[in-house]
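K.L.:
To be precise about what I am sending: the file is called start35.tsv and holds TSV, C-alpha atoms.
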```
chain	number	residue	atom	x	y	z
A	1140	MET	CA	14.55	100.26	29.45
A	1141	ARG	CA	14.44	101.91	32.86
A	1142	THR	CA	17.78	102.37	34.58
A	1143	THR	CA	17.33	101.55	38.25
A	1144	ARG	CA	19.69	101.38	41.18
A	1145	ARG	CA	19.19	97.60	41.21
A	1146	HIS	CA	20.09	97.48	37.50
A	1147	LEU	CA	23.37	99.34	38.10
A	1148	LEU	CA	24.26	97.25	41.14
A	1149	SER	CA	23.57	94.05	39.23
A	1150	VAL	CA	25.83	95.06	36.34
A	1151	LEU	CA	28.59	96.06	38.76
A	1152	SER	CA	28.20	92.79	40.67
A	1153	ALA	CA	28.54	90.74	37.50
A	1154	ALA	CA	31.61	92.66	36.45
A	1155	THR	CA	33.37	92.35	39.80
A	1156	ALA	CA	32.52	88.66	40.02
A	1157	ALA	CA	34.47	88.09	36.84
A	1158	LEU	CA	37.45	90.34	37.60
A	1159	GLY	CA	40.23	89.95	40.11
A	1160	LEU	CA	41.29	92.77	42.45
A	1161	ASN	CA	44.05	93.73	40.04
A	1162	GLY	CA	41.54	94.22	37.20
A	1163	ARG	CA	42.64	91.14	35.29
A	1164	ALA	CA	40.19	88.47	34.29
A	1165	SER	CA	39.94	85.58	36.72
A	1166	ALA	CA	37.81	82.45	36.94
A	1167	ALA	CA	34.30	83.15	38.23
A	1168	THR	CA	31.94	80.66	39.75
A	1169	LYS	CA	29.57	79.31	37.14
A	1170	THR	CA	25.83	79.56	37.66
A	1171	PRO	CA	24.69	76.40	39.46
A	1172	SER	CA	22.76	73.84	37.43
A	1173	ALA	CA	19.49	72.17	38.38
A	1174	ALA	CA	17.20	69.41	37.18
A	1175	GLU	CA	15.35	69.95	33.92
A	1176	GLY	CA	12.17	68.66	35.50
A	1177	PRO	CA	9.46	66.57	33.84
A	1178	PHE	CA	7.69	69.32	31.91
A	1179	TYR	CA	10.27	70.67	29.47
A	1180	PRO	CA	8.14	71.06	26.32
A	1181	ARG	CA	9.49	69.23	23.30
A	1182	PRO	CA	9.05	71.03	19.96
A	1183	SER	CA	5.84	69.19	19.12
A	1184	MET	CA	4.29	70.38	22.42
A	1185	ARG	CA	5.01	74.09	21.93
A	1186	HIS	CA	2.81	76.84	20.59
A	1187	ALA	CA	3.81	78.14	17.17
A	1188	ASP	CA	4.64	81.39	19.00
A	1189	THR	CA	7.83	80.84	21.04
A	1190	ASP	CA	9.19	84.39	21.29
A	1191	ASN	CA	10.29	86.16	24.47
A	1192	ASP	CA	6.79	87.45	25.35
A	1193	LEU	CA	5.00	84.65	27.19
A	1194	VAL	CA	2.08	86.83	28.24
A	1195	ARG	CA	0.32	87.08	24.90
A	1196	LEU	CA	0.19	84.53	22.09
A	1197	ALA	CA	0.48	85.81	18.52
A	1198	GLY	CA	-3.05	86.38	17.24
A	1199	GLY	CA	-4.52	85.80	20.70
A	1200	ALA	CA	-7.37	87.97	21.88
A	1201	THR	CA	-6.62	87.77	25.60
A	1202	GLN	CA	-3.56	88.25	27.77
A	1203	ALA	CA	-2.42	85.55	30.17
A	1204	GLY	CA	-3.56	85.73	33.76
A	1205	GLY	CA	-1.15	86.48	36.57
A	1206	GLU	CA	1.18	89.33	37.50
A	1207	VAL	CA	3.09	90.51	34.42
A	1208	VAL	CA	6.83	90.96	35.01
A	1209	TYR	CA	10.06	91.40	33.09
A	1210	LEU	CA	12.95	88.97	33.57
A	1211	GLN	CA	16.27	90.08	32.15
A	1212	GLY	CA	20.01	89.88	32.60
A	1213	ARG	CA	23.32	89.26	30.91
A	1214	VAL	CA	25.32	86.13	30.19
A	1215	PHE	CA	29.10	85.97	30.73
A	1216	ASN	CA	31.74	83.30	30.53
A	1217	ALA	CA	33.97	82.49	33.49
A	1218	ALA	CA	36.51	85.09	32.35
A	1219	GLY	CA	33.88	87.85	32.43
A	1220	ALA	CA	33.35	88.23	28.68
A	1221	PRO	CA	29.76	88.84	27.50
A	1222	GLN	CA	28.31	85.96	25.50
A	1223	PRO	CA	26.35	87.07	22.40
A	1224	GLY	CA	24.26	84.79	20.20
A	1225	LEU	CA	23.25	82.32	22.91
A	1226	ARG	CA	19.72	80.93	23.01
A	1227	ILE	CA	18.05	81.44	26.38
A	1228	GLU	CA	14.94	79.31	26.92
A	1229	ILE	CA	12.50	79.63	29.80
A	1230	TRP	CA	9.40	77.63	30.70
A	1231	GLN	CA	7.08	77.74	33.68
A	1232	CYS	CA	3.58	76.93	34.88
A	1233	ASP	CA	0.68	79.31	34.28
A	1234	VAL	CA	-1.21	81.27	36.95
A	1235	ASN	CA	-3.26	78.13	37.71
A	1236	GLY	CA	-0.14	76.04	38.34
A	1237	ARG	CA	-0.40	74.11	35.06
A	1238	TYR	CA	2.35	73.48	32.53
A	1239	SER	CA	1.67	73.41	28.82
A	1240	HIS	CA	2.72	69.77	28.72
A	1241	PRO	CA	0.63	66.59	28.30
A	1242	GLY	CA	2.38	65.05	31.30
A	1243	ASP	CA	0.90	67.61	33.68
A	1244	ARG	CA	-2.17	65.79	35.04
A	1245	GLN	CA	-3.38	68.40	37.53
A	1246	ARG	CA	-7.09	69.12	37.41
A	1247	ASN	CA	-6.84	72.90	37.29
A	1248	LEU	CA	-7.73	74.39	33.92
A	1249	ARG	CA	-4.82	75.57	31.79
A	1250	ASP	CA	-4.58	79.27	30.98
A	1251	THR	CA	-4.90	79.13	27.19
A	1252	GLY	CA	-3.57	82.68	26.90
A	1253	PHE	CA	-0.18	81.79	28.41
A	1254	GLN	CA	2.64	80.80	26.08
A	1255	GLY	CA	4.34	78.66	28.73
A	1256	PHE	CA	7.69	78.51	26.88
A	1257	GLY	CA	9.79	81.14	25.15
A	1258	HIS	CA	13.28	81.94	23.97
A	1259	HIS	CA	15.52	84.94	23.35
A	1260	ILE	CA	18.93	85.32	21.68
A	1261	THR	CA	21.51	87.29	23.64
A	1262	ASP	CA	22.65	90.52	22.00
A	1263	ALA	CA	26.20	91.80	21.49
A	1264	SER	CA	26.44	92.59	25.23
A	1265	GLY	CA	25.10	89.20	26.28
A	1266	ARG	CA	21.69	90.61	27.27
A	1267	TYR	CA	18.45	88.64	27.35
A	1268	ARG	CA	14.93	89.79	28.22
A	1269	PHE	CA	11.54	88.14	28.75
A	1270	ARG	CA	8.03	89.37	29.44
A	1271	THR	CA	6.26	86.74	31.49
A	1272	ILE	CA	4.31	86.28	34.73
A	1273	LYS	CA	5.64	86.07	38.25
A	1274	PRO	CA	5.84	82.34	38.98
A	1275	VAL	CA	3.35	80.75	41.35
A	1276	PRO	CA	3.60	77.65	43.56
A	1277	TYR	CA	1.96	74.34	42.82
A	1278	PRO	CA	1.79	71.19	44.98
A	1279	GLY	CA	5.28	70.17	46.00
A	1280	ARG	CA	7.18	73.11	44.50
A	1281	THR	CA	7.99	76.69	45.40
A	1282	PRO	CA	7.55	79.29	42.62
A	1283	HIS	CA	10.28	78.93	39.99
A	1284	ILE	CA	11.16	79.46	36.35
A	1285	HIS	CA	13.11	76.86	34.38
A	1286	VAL	CA	16.02	78.06	32.26
A	1287	LYS	CA	18.26	76.59	29.57
A	1288	VAL	CA	21.23	78.24	27.84
A	1289	LEU	CA	22.41	76.86	24.49
A	1290	ARG	CA	25.10	77.69	21.96
A	1291	GLY	CA	23.70	76.29	18.76
A	1292	GLU	CA	22.80	72.70	19.62
A	1293	SER	CA	25.23	72.56	22.56
A	1294	LEU	CA	23.61	72.78	26.00
A	1295	LEU	CA	25.60	75.05	28.32
A	1296	LEU	CA	23.31	75.24	31.34
A	1297	THR	CA	20.01	73.98	32.73
A	1298	THR	CA	18.85	75.62	35.94
A	1299	GLN	CA	15.92	77.16	37.83
A	1300	PHE	CA	15.28	80.69	39.12
A	1301	TYR	CA	13.46	81.29	42.42
A	1302	LEU	CA	11.66	84.19	44.08
A	1303	LYS	CA	13.90	85.77	46.67
A	1304	ASP	CA	12.71	85.14	50.25
A	1305	HIS	CA	9.54	83.33	49.22
A	1306	PRO	CA	8.19	81.48	52.29
A	1307	ALA	CA	7.90	78.19	50.38
A	1308	ASN	CA	11.59	78.12	49.40
A	1309	ASP	CA	12.75	76.38	52.55
A	1310	ARG	CA	10.23	73.58	52.00
A	1311	ASP	CA	11.24	73.00	48.37
A	1312	PRO	CA	13.39	69.86	47.88
A	1313	LEU	CA	15.54	71.42	45.13
A	1314	TYR	CA	15.95	74.85	46.71
A	1315	ARG	CA	17.03	73.26	50.00
A	1316	ARG	CA	20.03	71.65	48.26
A	1317	LEU	CA	21.47	75.07	47.39
A	1318	THR	CA	24.15	76.81	49.40
A	1319	PRO	CA	23.37	80.43	50.35
A	1320	GLN	CA	25.69	81.60	47.57
A	1321	GLN	CA	23.98	79.38	44.99
A	1322	ALA	CA	20.54	80.50	46.13
A	1323	SER	CA	21.59	84.13	45.76
A	1324	ALA	CA	22.84	83.50	42.21
A	1325	LEU	CA	19.46	82.01	41.24
A	1326	SER	CA	17.20	84.48	43.02
A	1327	MET	CA	14.79	86.85	41.28
A	1328	ASP	CA	14.42	90.04	43.34
A	1329	PHE	CA	11.61	91.94	41.65
A	1330	ASP	CA	11.76	95.73	41.68
A	1331	GLU	CA	8.19	96.80	42.46
A	1332	GLY	CA	8.80	100.51	41.84
A	1333	GLY	CA	7.75	100.73	38.19
A	1334	THR	CA	4.60	100.12	36.19
A	1335	VAL	CA	5.73	96.53	35.62
A	1336	SER	CA	7.96	94.68	38.10
A	1337	GLU	CA	11.31	93.52	36.82
A	1338	ALA	CA	14.11	91.28	38.02
A	1339	ARG	CA	17.65	90.85	36.75
A	1340	VAL	CA	19.55	87.57	36.94
A	1341	ASN	CA	22.99	87.39	35.35
A	1342	LEU	CA	24.39	84.04	34.28
A	1343	ILE	CA	27.92	82.69	34.07
A	1344	VAL	CA	28.36	79.70	31.73
```
Please go through the file and, once you have read it, give me the structure as structure tokens.
P.N.:
Amino acid sequence: MRTTRRHLLSVLSAATAALGLNGRASAATKTPSAAEGPFYPRPSMRHADTDNDLVRLAGGATQAGGEVVYLQGRVFNAAGAPQPGLRIEIWQCDVNGRYSHPGDRQRNLRDTGFQGFGHHITDASGRYRFRTIKPVPYPGRTPHIHVKVLRGESLLLTTQFYLKDHPANDRDPLYRRLTPQQASALSMDFDEGGTVSEARVNLIV
């Protein structure tokens, strides 16, 4: 994994958010929650392949359309301790603005090469990582990625990530409910300097 200035600043930010000035653990603000939305895919709706690479289905001949990106970060508790073994789920629309969900009635064709849903288990340092596409807008919504965090069967967090400074954010009904601090905590700021863009969003649950 490339080590970038943004990577280092993000790690430092997460650490300082969970530590008091005297170096002792203190309560940190939990990542804000958001609506699940209507297109969370139930198990029967998912592809057999539900790994952390949403860009290519197992056995598929073609890669999904759209701009390929990496989404990664770490998960902490309010005391600043990394959280290993958590299941991170993401789901989002494809490059045509369609969800892999029978309830999505838009007329655009679905991208059959896009997995649409994936999961990853946090490692010993609380890290997660996905290969996916940069989210796109569709009628009524700014670009976003849905996220769930679970410990076993217990749901810890449901939220949504947004593109930092996207012009449609201020017209989005859910984004507009966020305070500036909440919006910052849920923003994906993609580093365009490498071969593949990447963003880091740390979570506190």
K.L.:
Box for range 1333-1344 of chain A: with edges along x, y and z, all listed atoms inside and 5 Å added on each side, what are the centre and edge lengths in Å to one decimal, as AutoDock Vina command-line options?
P.N.:
```
--center_x 16.5 --center_y 90.2 --center_z 35.0 --size_x 33.8 --size_y 31.0 --size_z 16.5
```
K.L.:
Under the rule that only C-alpha atoms are counted, which of A:Thr1251, A:Thr1201, A:Asn1216, A:Asn1308 is the nearest residue to Leu1296 in chain A?
P.N.:
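Checking each candidate against Leu1296 in chain A, we get A:Asn1216 as the closest.
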K.L.:
Which of these, A:Phe1269, A:Val1286, A:Arg1246, A:Arg1339, has the shortest distance to Glu1175 in chain A once you count only C-alpha atoms?
P.N.:
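Of the candidates, the smallest distance to Glu1175 in chain A is held by A:Val1286.
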K.L.:
Using all atoms listed in the file, which protein or nucleic acid residues come within 9 Å of Thr1298 in chain A? Drop anything in the same chain fewer than 2 positions from it, and give the result as a list in words.
P.N.:
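Skipping anything fewer than 2 positions along the chain leaves Thr1170, Pro1171, Ser1172, Ala1173, Ala1174, Glu1175, Ile1284, His1285, Val1286, Lys1287, Val1288, Leu1296, Phe1300 and Leu1325 of chain A.
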K.L.:
Nearest residue to Val1234 in chain A out of A:Gly1257, A:Gly1199, A:Pro1282, A:Gly1219, using only C-alpha atoms?
P.N.:
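Answer, going by the shortest atom-to-atom distance: A:Pro1282.
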K.L.:
Which residue is closest to His1186 in chain A? Choose from A:Arg1226, A:His1240, A:Lys1303, A:Lys1169 and count only C-alpha atoms.
P.N.:
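Closest candidate: A:His1240.
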K.L.:
For CA of Val1344 in chain A and CA of Pro1319 in chain A, quote the distance in Å rounded to one decimal.
P.N.:
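CA of Pro1319 in chain A lies at a distance of 19.3 Å from CA of Val1344 in chain A.
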K.L.:
A:Gly1198, A:Gly1265, A:Pro1241, A:Pro1177: which is nearest Arg1213 in chain A, counting all atoms listed in the file?
P.N.:
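Of A:Gly1198, A:Gly1265, A:Pro1241, A:Pro1177, the one nearest Arg1213 in chain A, counting all atoms listed in the file, is A:Gly1265.
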K.L.:
Check the smallest atom-to-atom distance from each of A:Val1207, A:Ile1260, A:Leu1302, A:Leu1225 to Ser1323 in chain A using all atoms listed in the file, then report the winner.
P.N.:
A:Leu1302
K.L.:
Which neighbours of range 1180-1183 of chain A fall inside 9 Å, counting only C-alpha atoms, when residues of the same chain fewer than 4 positions from it are skipped, and could you give them as a list in words?
P.N.:
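So the residues in contact are Trp1230, Tyr1238, Ser1239, His1240, Pro1241, Gly1255 and Phe1256 of chain A.
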K.L.:
Save out the residues we just selected, C-alpha atoms, as a CSV table (one decimal), keeping the file's coordinate frame.
P.N.:
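part_24.csv was written with the following content:
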```
chain,number,residue,atom,x,y,z
A,1230,TRP,CA,9.4,77.6,30.7
A,1238,TYR,CA,2.4,73.5,32.5
A,1239,SER,CA,1.7,73.4,28.8
A,1240,HIS,CA,2.7,69.8,28.7
A,1241,PRO,CA,0.6,66.6,28.3
A,1255,GLY,CA,4.3,78.7,28.7
A,1256,PHE,CA,7.7,78.5,26.9
```
K.L.:
What does the distance between CA of Ser1264 in chain A and CA of Thr1297 in chain A come to in Å, to one decimal place?
P.N.:
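Atom-to-atom, CA of Ser1264 in chain A and CA of Thr1297 in chain A are spaced 21.1 Å apart.
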K.L.:
Record the distance separating CA of Gln1231 in chain A and CA of Gly1205 in chain A, expressed in Å with one decimal.
P.N.:
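We find that CA of Gln1231 in chain A and CA of Gly1205 in chain A lie 12.3 Å from each other.
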K.L.:
If we count all atoms listed in the file and set the cut-off at 7 Å, which residues sit around Thr1281 in chain A, ignoring sequence neighbours fewer than 4 positions away in its own chain? Please answer as a PyMOL selection string.
P.N.:
chain A and resi 1276-1277+1307-1308+1311
